[in-house]
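File shown here: target-v3.csv, holding CSV, C-alpha atoms and all ligand atoms.
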```
chain,number,residue,atom,x,y,z
P,85,MET,CA,87.1,35.2,-120.9
P,86,GLU,CA,83.4,36.1,-121.0
P,87,ASP,CA,83.3,35.2,-124.7
P,88,LEU,CA,84.9,31.8,-124.2
P,89,LYS,CA,82.4,31.0,-121.4
P,90,GLY,CA,79.6,32.2,-123.7
P,91,LEU,CA,80.7,30.0,-126.5
P,92,SER,CA,81.1,26.9,-124.4
P,93,ARG,CA,77.7,27.4,-122.8
P,94,ARG,CA,76.1,27.7,-126.2
P,95,SER,CA,77.8,24.8,-127.8
P,96,LEU,CA,76.9,22.6,-124.9
P,97,LEU,CA,73.3,23.5,-125.3
P,98,GLN,CA,73.5,22.9,-129.1
P,99,ALA,CA,74.9,19.4,-128.4
P,100,GLY,CA,72.0,18.7,-126.0
P,101,ALA,CA,74.6,18.1,-123.4
P,102,VAL,CA,73.4,20.4,-120.7
P,103,ALA,CA,71.8,17.7,-118.6
P,104,ALA,CA,74.8,15.3,-119.0
P,105,VAL,CA,77.4,17.8,-117.8
P,106,GLY,CA,75.2,20.0,-115.6
P,107,ALA,CA,76.6,18.6,-112.3
P,108,SER,CA,80.2,18.7,-113.5
P,109,GLY,CA,80.9,22.4,-113.2
P,110,PHE,CA,80.0,26.1,-113.1
P,111,ILE,CA,79.7,26.9,-116.8
P,112,PRO,CA,76.8,24.6,-117.8
P,113,SER,CA,74.8,25.1,-114.7
P,114,ARG,CA,75.1,28.9,-115.0
P,115,PHE,CA,73.9,28.6,-118.6
P,116,ALA,CA,71.0,26.3,-117.6
P,117,ILE,CA,69.8,28.9,-115.2
P,118,GLY,CA,70.3,31.7,-117.7
P,119,ALA,CA,68.4,29.9,-120.4
P,120,SER,CA,65.3,29.6,-118.3
P,121,ALA,CA,65.4,33.0,-116.8
P,122,LYS,CA,63.5,35.9,-118.4
P,123,VAL,CA,65.4,38.4,-120.4
P,124,LYS,CA,65.2,41.8,-118.8
P,125,VAL,CA,64.6,44.8,-121.0
P,126,GLY,CA,64.8,48.2,-119.3
P,127,PHE,CA,63.0,51.2,-120.9
P,128,LEU,CA,64.7,54.5,-120.0
P,129,LEU,CA,62.1,56.8,-121.5
P,130,PRO,CA,60.1,59.9,-120.8
P,131,TYR,CA,56.6,59.1,-119.6
P,132,SER,CA,56.0,62.7,-118.3
P,133,GLY,CA,56.7,66.2,-119.6
P,134,THR,CA,57.0,67.6,-123.2
P,135,TYR,CA,58.3,64.3,-124.6
P,136,ALA,CA,55.9,61.9,-122.9
P,137,GLY,CA,54.1,61.0,-126.1
P,138,LEU,CA,57.4,60.1,-127.7
P,139,GLY,CA,58.3,57.7,-124.8
P,140,GLU,CA,54.9,56.1,-125.1
P,141,ALA,CA,55.2,55.6,-128.9
P,142,ILE,CA,58.6,54.0,-128.6
P,143,THR,CA,57.3,51.6,-125.9
P,144,ASN,CA,54.3,50.7,-128.0
P,145,GLY,CA,56.4,50.1,-131.1
P,146,PHE,CA,58.9,47.9,-129.2
P,147,LYS,CA,56.1,45.9,-127.6
P,148,MET,CA,54.4,45.4,-131.0
P,149,ALA,CA,57.5,44.0,-132.6
P,150,MET,CA,57.9,41.6,-129.6
P,151,ALA,CA,54.3,40.5,-129.8
P,152,GLU,CA,54.8,39.7,-133.5
P,153,HIS,CA,57.5,37.3,-132.5
P,154,GLY,CA,55.7,35.5,-129.7
P,155,GLY,CA,57.0,37.9,-127.1
P,156,LYS,CA,60.3,36.1,-126.9
P,157,LEU,CA,64.0,37.1,-127.5
P,158,GLY,CA,66.1,34.2,-128.5
P,159,ASP,CA,63.4,31.8,-127.3
P,160,ARG,CA,63.4,33.3,-123.8
P,161,GLU,CA,60.5,35.1,-122.1
P,162,VAL,CA,60.9,38.8,-121.7
P,163,GLU,CA,60.3,41.1,-118.7
P,164,PHE,CA,60.0,44.8,-119.2
P,165,ILE,CA,61.0,47.3,-116.6
P,166,ALA,CA,60.2,51.0,-117.3
P,167,VAL,CA,61.8,54.1,-115.7
P,168,ASP,CA,60.4,57.5,-116.4
P,169,ASP,CA,63.5,59.5,-117.2
P,170,GLU,CA,61.5,62.8,-117.2
P,171,SER,CA,63.8,64.0,-120.0
P,172,ASN,CA,66.0,65.2,-117.1
P,173,PRO,CA,69.7,65.1,-118.0
P,174,ALA,CA,70.7,65.7,-114.4
P,175,LYS,CA,69.0,62.4,-113.4
P,176,GLY,CA,70.3,60.5,-116.5
P,177,PRO,CA,73.1,58.4,-114.7
P,178,GLU,CA,70.9,57.8,-111.6
P,179,ASN,CA,67.9,56.6,-113.7
P,180,THR,CA,70.1,54.4,-115.9
P,181,ASN,CA,71.6,52.9,-112.8
P,182,LYS,CA,68.1,52.0,-111.5
P,183,LEU,CA,68.0,49.6,-114.5
P,184,VAL,CA,71.6,48.6,-114.8
P,185,THR,CA,72.5,48.1,-111.1
P,186,GLY,CA,69.1,48.0,-109.4
P,187,GLU,CA,67.4,45.7,-111.9
P,188,ASN,CA,70.4,44.1,-113.5
P,189,VAL,CA,68.8,44.4,-117.0
P,190,ASP,CA,70.2,42.7,-120.0
P,191,PHE,CA,69.3,45.6,-122.3
P,192,VAL,CA,68.6,49.3,-121.9
P,193,VAL,CA,66.2,50.8,-124.5
P,194,GLY,CA,66.0,54.6,-124.7
P,195,PRO,CA,66.1,57.5,-124.2
P,196,VAL,CA,64.4,60.4,-126.2
P,197,HIS,CA,66.5,63.3,-124.8
P,198,SER,CA,70.1,63.8,-125.9
P,199,GLY,CA,71.2,65.0,-122.5
P,200,VAL,CA,69.8,61.9,-120.8
P,201,ALA,CA,71.5,59.8,-123.5
P,202,LEU,CA,74.9,61.2,-122.6
P,203,GLY,CA,74.3,60.2,-118.9
P,204,MET,CA,73.1,56.8,-120.0
P,205,VAL,CA,76.2,56.3,-122.2
P,206,LYS,CA,78.5,57.1,-119.4
P,207,VAL,CA,76.9,54.3,-117.2
P,208,VAL,CA,76.7,51.6,-119.9
P,209,ARG,CA,80.2,52.2,-121.1
P,210,GLU,CA,81.3,51.2,-117.6
P,211,SER,CA,78.9,48.3,-117.0
P,212,GLY,CA,79.0,46.9,-120.6
P,213,THR,CA,75.2,46.6,-120.7
P,214,ILE,CA,74.0,46.6,-124.3
P,215,ALA,CA,72.0,49.8,-125.0
P,216,VAL,CA,69.8,50.6,-127.9
P,217,ILE,CA,69.1,54.3,-128.3
P,218,ALA,CA,65.6,54.4,-129.8
P,219,ASN,CA,65.5,58.2,-130.3
P,220,ALA,CA,68.1,60.6,-128.8
P,221,GLY,CA,70.2,62.0,-131.6
P,222,ALA,CA,73.3,63.1,-129.6
P,223,GLY,CA,76.2,62.8,-132.0
P,224,ALA,CA,78.6,61.9,-129.2
P,225,ALA,CA,76.9,58.5,-128.5
P,226,THR,CA,78.0,57.3,-131.9
P,227,GLY,CA,81.0,59.7,-132.1
P,228,PRO,CA,83.6,60.2,-129.4
P,229,LEU,CA,81.6,58.1,-126.9
P,230,CYS,CA,80.9,55.2,-129.2
P,231,ALA,CA,81.4,51.7,-127.8
P,232,PRO,CA,80.8,48.1,-128.9
P,233,ASN,CA,77.7,47.8,-126.6
P,234,ILE,CA,76.0,51.1,-127.7
P,235,PHE,CA,73.7,50.9,-130.7
P,236,ARG,CA,71.1,53.3,-132.2
P,237,THR,CA,68.0,52.7,-134.3
P,238,SER,CA,67.0,56.3,-134.7
P,239,PHE,CA,69.3,59.0,-136.2
P,240,THR,CA,71.8,61.6,-135.2
P,241,ASN,CA,70.6,65.2,-134.9
P,242,TYR,CA,73.0,66.1,-137.6
P,243,GLN,CA,71.5,63.5,-140.0
P,244,ALA,CA,67.9,64.7,-139.5
P,245,SER,CA,68.7,68.4,-140.2
P,246,PHE,CA,71.6,68.4,-142.7
P,247,PRO,CA,69.4,67.6,-145.7
P,248,MET,CA,67.2,70.7,-145.3
P,249,GLY,CA,70.0,73.2,-146.0
P,250,LYS,CA,70.2,72.2,-149.6
P,251,VAL,CA,66.4,72.2,-149.9
P,252,ALA,CA,66.2,75.7,-148.5
P,253,MET,CA,68.7,77.0,-151.0
P,254,GLU,CA,67.0,75.2,-153.9
P,255,ARG,CA,63.8,77.0,-153.0
P,256,GLY,CA,65.5,80.4,-152.9
P,257,LEU,CA,65.3,80.9,-149.1
P,258,LYS,CA,68.7,82.7,-148.7
P,259,ASN,CA,68.3,84.5,-145.4
P,260,VAL,CA,67.1,82.3,-142.6
P,261,VAL,CA,66.4,82.6,-138.9
P,262,THR,CA,67.0,79.4,-136.9
P,263,MET,CA,65.5,78.6,-133.5
P,264,THR,CA,65.5,75.8,-131.0
P,265,TRP,CA,65.8,74.7,-127.4
P,266,LYS,CA,69.2,75.2,-126.0
P,267,TYR,CA,70.6,71.7,-125.4
P,268,ALA,CA,72.6,69.2,-127.4
P,269,ALA,CA,69.8,68.1,-129.7
P,270,GLY,CA,68.8,71.6,-130.7
P,271,GLU,CA,72.4,72.8,-131.1
P,272,GLU,CA,73.4,69.8,-133.2
P,273,ALA,CA,70.3,70.1,-135.3
P,274,LEU,CA,71.0,73.8,-136.1
P,275,ALA,CA,74.7,72.9,-136.8
P,276,GLY,CA,73.6,70.2,-139.3
P,277,PHE,CA,71.3,72.5,-141.1
P,278,GLU,CA,73.8,75.3,-141.1
P,279,ALA,CA,76.6,73.1,-142.5
P,280,SER,CA,74.7,72.3,-145.7
P,281,PHE,CA,72.8,75.7,-145.9
P,282,THR,CA,76.0,77.8,-145.8
P,283,LYS,CA,77.8,75.5,-148.1
P,284,TYR,CA,75.3,76.3,-150.7
P,285,GLY,CA,75.5,80.0,-150.0
P,286,GLY,CA,72.8,80.5,-147.5
P,287,LYS,CA,73.0,82.9,-144.6
P,288,VAL,CA,71.7,82.4,-141.0
P,289,ILE,CA,70.8,85.9,-140.0
P,290,LYS,CA,69.9,85.1,-136.4
P,291,GLN,CA,70.0,82.1,-134.2
P,292,ILE,CA,67.5,82.0,-131.3
P,293,MET,CA,67.8,79.6,-128.4
P,294,VAL,CA,65.3,79.2,-125.6
P,295,PRO,CA,65.7,77.0,-122.5
P,296,PHE,CA,64.4,73.4,-122.6
P,297,PRO,CA,61.5,72.6,-122.2
P,298,GLN,CA,60.1,76.2,-122.3
P,299,GLU,CA,57.0,76.6,-124.5
P,300,GLU,CA,56.6,80.3,-124.3
P,301,PHE,CA,57.7,81.6,-127.7
P,302,GLN,CA,55.8,84.9,-128.1
P,303,ALA,CA,58.7,87.4,-127.7
P,304,ASN,CA,60.9,85.3,-130.2
P,305,LEU,CA,58.1,85.2,-132.8
P,306,THR,CA,57.8,89.0,-132.6
P,307,GLU,CA,61.5,89.3,-133.2
P,308,ILE,CA,61.3,86.9,-136.2
P,309,ALA,CA,58.6,89.0,-137.7
P,310,SER,CA,60.8,92.1,-137.4
P,311,LEU,CA,63.7,90.4,-139.0
P,312,LYS,CA,61.7,89.5,-142.2
P,313,PRO,CA,63.7,86.4,-143.1
P,314,ASP,CA,63.0,84.3,-146.2
P,315,GLY,CA,62.5,81.2,-144.0
P,316,VAL,CA,62.7,79.9,-140.5
P,317,PHE,CA,64.4,76.6,-139.6
P,318,VAL,CA,63.7,75.0,-136.1
P,319,PHE,CA,64.1,72.0,-134.0
P,320,PHE,CA,61.2,71.3,-131.6
P,321,ALA,CA,59.5,68.0,-130.8
P,322,GLY,CA,56.6,66.6,-128.8
P,323,ALA,CA,54.3,69.0,-127.0
P,324,GLY,CA,56.8,71.9,-127.6
P,325,ALA,CA,56.5,71.3,-131.4
P,326,LEU,CA,52.7,71.4,-131.2
P,327,LYS,CA,52.8,74.7,-129.3
P,328,PHE,CA,55.4,76.3,-131.5
P,329,VAL,CA,53.6,75.6,-134.8
P,330,LYS,CA,50.3,76.9,-133.4
P,331,ASP,CA,52.0,80.0,-132.1
P,332,TYR,CA,53.9,80.6,-135.3
P,333,ALA,CA,50.6,80.6,-137.3
P,334,ALA,CA,48.8,82.6,-134.7
P,335,ALA,CA,51.5,85.3,-134.9
P,336,GLY,CA,50.8,85.7,-138.6
P,337,LEU,CA,54.1,84.3,-139.7
P,338,LYS,CA,52.8,81.6,-142.1
P,339,PRO,CA,53.9,83.6,-145.2
P,340,ILE,CA,57.5,82.9,-144.0
P,341,GLN,CA,58.3,79.3,-145.0
P,342,LEU,CA,58.7,77.2,-141.8
P,343,MET,CA,61.2,74.3,-142.0
P,344,GLY,CA,62.6,71.8,-139.6
P,345,SER,CA,63.6,68.3,-139.0
P,346,GLY,CA,60.5,66.1,-139.2
P,347,PHE,CA,60.1,66.0,-135.4
P,348,LEU,CA,58.3,69.3,-135.8
P,349,THR,CA,55.2,67.6,-137.1
P,350,ASP,CA,55.6,63.8,-136.4
P,351,GLY,CA,53.2,62.6,-133.7
P,352,VAL,CA,51.5,66.0,-133.4
P,353,LEU,CA,50.4,66.8,-137.0
P,354,LYS,CA,46.7,66.2,-136.3
P,355,ALA,CA,46.7,68.4,-133.2
P,356,GLN,CA,48.5,71.1,-135.1
P,357,GLY,CA,45.7,71.2,-137.7
P,358,GLU,CA,45.6,74.1,-140.2
P,359,ALA,CA,48.7,75.7,-138.5
P,360,ALA,CA,50.9,72.9,-139.9
P,361,GLU,CA,49.9,73.4,-143.6
P,362,GLY,CA,52.9,73.9,-145.9
P,363,ILE,CA,55.6,73.1,-143.4
P,364,LEU,CA,58.7,71.5,-145.0
P,365,THR,CA,60.7,68.9,-143.1
P,366,THR,CA,63.3,66.2,-143.6
P,367,LEU,CA,63.1,62.9,-141.7
P,368,HIS,CA,64.1,59.2,-142.1
P,369,TYR,CA,60.4,58.3,-142.1
P,370,ALA,CA,57.0,59.5,-143.4
P,371,ASP,CA,53.6,58.1,-142.7
P,372,ALA,CA,52.8,57.8,-146.5
P,373,LEU,CA,55.8,55.7,-147.5
P,374,ASP,CA,54.3,53.3,-150.0
P,375,THR,CA,55.9,50.0,-148.9
P,376,ALA,CA,54.3,46.7,-147.7
P,377,GLU,CA,56.3,46.9,-144.5
P,378,ASN,CA,55.0,50.4,-143.7
P,379,LYS,CA,51.4,49.7,-144.6
P,380,THR,CA,51.3,46.6,-142.4
P,381,PHE,CA,53.1,48.3,-139.6
P,382,ARG,CA,50.7,51.3,-139.6
P,383,ALA,CA,47.6,49.1,-139.8
P,384,ASN,CA,48.7,46.8,-137.0
P,385,TYR,CA,49.8,49.8,-134.8
P,386,ALA,CA,46.5,51.6,-135.3
P,387,LYS,CA,44.6,48.4,-134.4
P,388,ALA,CA,46.7,47.7,-131.3
P,389,PHE,CA,46.9,51.2,-129.8
P,390,ALA,CA,44.0,53.1,-131.5
P,391,LYS,CA,46.5,55.7,-132.5
P,392,GLU,CA,48.4,56.6,-135.6
P,393,ALA,CA,52.0,55.4,-135.7
P,394,ASP,CA,54.8,58.0,-136.0
P,395,VAL,CA,58.6,58.0,-136.3
P,396,TYR,CA,59.0,57.3,-132.6
P,397,ALA,CA,56.9,54.1,-132.9
P,398,VAL,CA,59.0,53.1,-135.8
P,399,GLN,CA,62.3,53.6,-133.9
P,400,GLY,CA,60.9,51.5,-131.0
P,401,TYR,CA,59.8,48.8,-133.3
P,402,ASP,CA,63.2,48.7,-134.9
P,403,ALA,CA,65.0,48.6,-131.6
P,404,ALA,CA,63.1,45.4,-130.9
P,405,GLN,CA,63.9,44.1,-134.4
P,406,LEU,CA,67.6,44.7,-133.7
P,407,LEU,CA,67.4,42.7,-130.4
P,408,LEU,CA,65.4,40.0,-132.0
P,409,GLN,CA,68.1,39.4,-134.6
P,410,GLY,CA,70.9,39.6,-132.1
P,411,MET,CA,69.3,37.3,-129.6
P,412,GLY,CA,68.1,34.9,-132.3
P,413,ALA,CA,71.7,34.5,-133.5
P,414,VAL,CA,73.0,33.5,-130.0
P,415,LYS,CA,69.8,31.6,-129.2
P,416,GLY,CA,69.1,33.7,-126.1
P,417,ASP,CA,72.6,33.4,-124.6
P,418,THR,CA,73.3,36.9,-123.3
P,419,GLY,CA,76.6,35.7,-122.0
P,420,ALA,CA,77.9,35.3,-125.5
P,421,LYS,CA,78.2,39.0,-125.7
P,422,ALA,CA,80.8,39.3,-128.4
P,423,GLU,CA,78.7,37.2,-130.8
P,424,LEU,CA,75.6,39.0,-129.8
P,425,ILE,CA,77.2,42.3,-130.6
P,426,ALA,CA,78.6,40.9,-133.9
P,427,ALA,CA,75.1,39.7,-134.9
P,428,MET,CA,73.6,43.1,-134.1
P,429,GLU,CA,76.3,44.9,-136.1
P,430,LYS,CA,75.4,42.8,-139.1
P,431,ALA,CA,71.7,43.2,-138.8
P,432,VAL,CA,69.6,44.3,-141.8
P,433,ILE,CA,66.5,45.9,-140.3
P,434,LYS,CA,63.4,45.7,-142.5
P,435,SER,CA,62.0,48.9,-141.1
P,436,PRO,CA,58.7,50.7,-142.0
P,437,ARG,CA,61.1,53.5,-143.0
P,438,GLY,CA,62.8,51.3,-145.5
P,439,ALA,CA,65.5,48.7,-144.9
P,440,PHE,CA,68.7,50.0,-143.2
P,441,THR,CA,72.0,48.7,-141.9
P,442,LEU,CA,74.3,50.1,-139.2
P,443,SER,CA,77.5,52.1,-139.7
P,444,LYS,CA,80.7,51.0,-138.0
P,445,ALA,CA,79.7,53.5,-135.2
P,446,HIS,CA,76.4,51.6,-134.8
P,447,ASN,CA,74.2,54.4,-136.2
P,448,PRO,CA,71.6,53.8,-139.0
P,449,VAL,CA,72.7,54.5,-142.6
P,450,GLN,CA,69.4,55.6,-144.1
P,451,ASP,CA,67.4,57.6,-146.5
P,452,PHE,CA,66.0,61.0,-145.6
P,453,TYR,CA,62.8,62.1,-147.1
P,454,LEU,CA,61.6,65.6,-147.9
P,455,ARG,CA,58.1,66.0,-146.7
P,456,GLN,CA,55.5,68.7,-146.8
P,457,VAL,CA,52.1,69.0,-145.0
P,458,LYS,CA,49.3,69.3,-147.5
P,459,ASN,CA,45.6,69.1,-146.6
P,460,GLY,CA,46.5,67.7,-143.2
P,461,HIS,CA,48.8,65.0,-144.5
P,462,GLU,CA,52.5,64.6,-144.6
P,463,VAL,CA,53.3,64.2,-148.4
P,464,VAL,CA,56.6,62.8,-149.5
P,465,LEU,CA,58.1,65.1,-152.1
P,466,SER,CA,61.4,63.3,-152.7
P,467,VAL,CA,64.3,61.5,-151.2
P,468,ALA,CA,66.4,64.4,-150.0
P,469,GLU,CA,69.5,62.3,-149.1
P,470,LYS,CA,70.0,58.7,-150.1
P,471,ALA,CA,71.8,56.4,-147.6
P,472,LEU,CA,73.0,59.2,-145.4
P,473,ALA,CA,75.6,58.2,-142.8
P,474,ASP,CA,76.6,60.3,-139.8
P,475,PRO,CA,80.3,61.3,-140.1
P,476,ALA,CA,80.8,59.7,-136.6
P,477,THR,CA,83.7,62.1,-135.9
P,478,GLY,CA,85.8,60.9,-133.0
P,479,CYS,CA,84.5,57.3,-132.9
P,480,LYS,CA,87.1,54.8,-132.2
P,481,MET,CA,85.7,51.4,-131.4
P,482,ALA,CA,87.7,49.6,-128.8
P,501,LIG,C1,67.0,64.6,-128.7
P,501,LIG,O1,67.0,65.1,-127.6
P,501,LIG,O2,68.0,64.1,-129.2
P,501,LIG,C2,65.7,64.6,-129.4
P,501,LIG,C3,64.5,64.7,-128.8
P,501,LIG,C4,63.3,64.6,-129.5
P,501,LIG,C5,63.3,64.4,-130.8
P,501,LIG,C6,64.5,64.3,-131.5
P,501,LIG,C7,65.7,64.4,-130.8
P,501,LIG,O3,62.2,64.3,-131.5
```
Serialized structure, structure tokens:
Amino acid sequence: MEDLKGLSRRSLLQAGAVAAVGASGFIPSRFAIGASAKVKVGFLLPYSGTYAGLGEAITNGFKMAMAEHGGKLGDREVEFIAVDDESNPAKGPENTNKLVTGENVDFVVGPVHSGVALGMVKVVRESGTIAVIANAGAGAATGPLCAPNIFRTSFTNYQASFPMGKVAMERGLKNVVTMTWKYAAGEEALAGFEASFTKYGGKVIKQIMVPFPQEEFQANLTEIASLKPDGVFVFFAGAGALKFVKDYAAAGLKPIQLMGSGFLTDGVLKAQGEAAEGILTTLHYADALDTAENKTFRANYAKAFAKEADVYAVQGYDAAQLLLQGMGAVKGDTGAKAELIAAMEKAVIKSPRGAFTLSKAHNPVQDFYLRQVKNGHEVVLSVAEKALADPATGCKMA
């Protein structure tokens, strides 16, 4: 029913017939109001805590893409409403509802934290609000909890960590300690690494989990030193990643190869300084990617925000690109939801990371780069996995 209404409203507009039939019934007048109203985009992102910098970068990236397109979605003005999700999973549903019910937003963009994402997914599956996950890698969001109105422009935790298992074995790092924060993202990241690492014959000799967002690592680093592994694989991000890398170096562990998903250094590389030298990571982005899109993106971002862009800024930028394409296709008619979703499903995103499309589960199918910090810069060593898709186990689109 909603689709039929959407179609009629749009075709009426295309025929220039809105004025003629405006008085005759509910459908055209509702469309006329809708067409002149602002599109409401709600940001559900961390603006405080260990992931605050990530929320800011996503917001900046999103707004930059919008500014490049005259600030409009489908020719309609846009209003932004931001909620600080505090990376607090317990408040995930409540904070999502502030946007969905309280503000009646057309789109939710966010979050960073996988636990918050699971709460958000629960709410938007009920409301039908279109959500674009601009970071959180929780596999369930594009797995068992996938839905036509849930999209992601980032990655799954599995995707970002899986490629490093093979790399570790190729480098002769056979006995590895893994470490992370104990919550969905960390657990899935370690599982992704372990799946490929053990397949190639590697052995995880110890798995260490600390509570999120704890940044006290000393006792664990002492234990790692005593275990004498060939390498250490971790998932940390934001302020926690900055602290971990500094503590790792200060504990004298640098001779033991440190590896991770690229969140370990992205956005915090400069602040990590010397401590980050030599770290090996895999990620769907790298500052140094030599493409016109990436160079322009980075130059514009630096100019607009007096900061270097990072993977989070890219994911925010691409979330906006996805909405721009979808809303362009339906000429701003958010009531034409089925067509809007269909256009988003078909989108080809010309991302600074390289062009990507979405899988059937609405998750990017993308290349993962092997990167290493050399002289303070993230150097791209190779493409570790080409067009890697998440297995999307359990996803059944309604
Ligand atoms: C997550 O919680 O899914 C998460 C958070 C920060 C990252 C990556 C993944 O950098």
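Excluding P:Gln243 itself and same-chain residues fewer than 3 positions from it, the residues having an atom within 9 Å of it are Gly221, Phe239, Thr240, Phe246, Pro247, Ala273, Gly276, Leu367, His368, Phe452, Leu472, Ala473 and Asp474 of chain P, counting only C-alpha atoms.
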Prev. selection, C-alpha atoms, output as a CSV table (one decimal), in the frame of the given file:
```
chain,number,residue,atom,x,y,z
P,221,GLY,CA,70.2,62.0,-131.6
P,239,PHE,CA,69.3,59.0,-136.2
P,240,THR,CA,71.8,61.6,-135.2
P,246,PHE,CA,71.6,68.4,-142.7
P,247,PRO,CA,69.4,67.6,-145.7
P,273,ALA,CA,70.3,70.1,-135.3
P,276,GLY,CA,73.6,70.2,-139.3
P,367,LEU,CA,63.1,62.9,-141.7
P,368,HIS,CA,64.1,59.2,-142.1
P,452,PHE,CA,66.0,61.0,-145.6
P,472,LEU,CA,73.0,59.2,-145.4
P,473,ALA,CA,75.6,58.2,-142.8
P,474,ASP,CA,76.6,60.3,-139.8
```
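Residues near the point (48.8, 56.6, -146.4), at a distance of 12 Å or less over all atoms listed in the file, make up Ala370, Asp371, Ala372, Leu373, Asp374, Thr375, Ala376, Asn378, Lys379, Thr380, Phe381, Arg382, Ala383, Glu392, Ala393, Gly460, His461, Glu462, Val463 and Val464 of chain P.
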**Message:** I'd like the contact shell of stretch 333-341 of chain P - 9 Å cut-off, all atoms listed in the file, skipping same-chain residues fewer than 3 positions apart - returned as a ChimeraX atom specification.
**Reply:** /P:257,302,305-306,308-309,312-317,328-330,358-364
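With only C-alpha atoms as the atoms that count, the minimum distance from P:Asp190 to the choices P:Glu170, P:Glu254, P:Glu140, P:Asp417 is reached by P:Asp417.
Using all atoms listed in the file, we find that the residues with an atom at most 6 Å from any atom of ligand LIG 501 (chain P) are Val196, His197, Ser198, Ala220, Gly221, Ala222, Ala269, Ala321 and Phe347 of chain P.
Separating atom CA of P:Asn181 from atom CA of P:Arg236 is a distance of 19.4 Å.
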**Close residues, stretch 404-411 of chain P itself excluded, 9 Å, all atoms listed in the file, min 2 positions apart in chain, as a ChimeraX atom specification** = /P:145-150,153,156-159,191,193,216,237,399-402,413-418,423-435
**Request:** For P:Ile234, work out the shell of residues within 12 Å, counting all atoms listed in the file and skipping chain neighbours fewer than 2 positions away, then give it as a PyMOL selection string.
**Result:** chain P and resi 191-194+201-202+204-218+224-232+236-237+403+425+428-429+442+444-447+479+481-482
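The interatomic distance for the pair atom CA of P:Asn304 and atom CA of P:Met263 works out to 8.8 Å.
Atom CA of P:Asn241 is positioned 24.1 Å from atom CA of P:Gly256.
Nearest residue to P:Gly155 among P:Leu274, P:Leu138, P:Val123, P:Ala386 is P:Val123, counting all atoms listed in the file.
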**Option closest in space to P:Ala397, from P:Gly351, P:Pro295, P:Gly357, P:Gly322 [counting only C-alpha atoms]** = P:Gly351
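Candidate residues P:Gln291, P:Asn384, P:Gln456, P:Thr264 were compared for distance to P:Asn144, and the nearest is P:Asn384, using all atoms listed in the file.
Closest approach to P:Gly139 among P:Ser443, P:Asn219, P:Gln450, P:Thr365: P:Asn219, based on only C-alpha atoms.
For P:Lys327, the list of residues within 9 Å, based on all atoms listed in the file and with local chain neighbours fewer than 5 positions off taken out, reads Glu299, Glu300, Phe301, Gly322, Tyr332 and Gln356 of chain P.
Restricting the calculation to only C-alpha atoms, the smallest distance between P:Ser132 and any of P:Val167, P:Ile289, P:Ala151, P:Ala422 is found for P:Val167.
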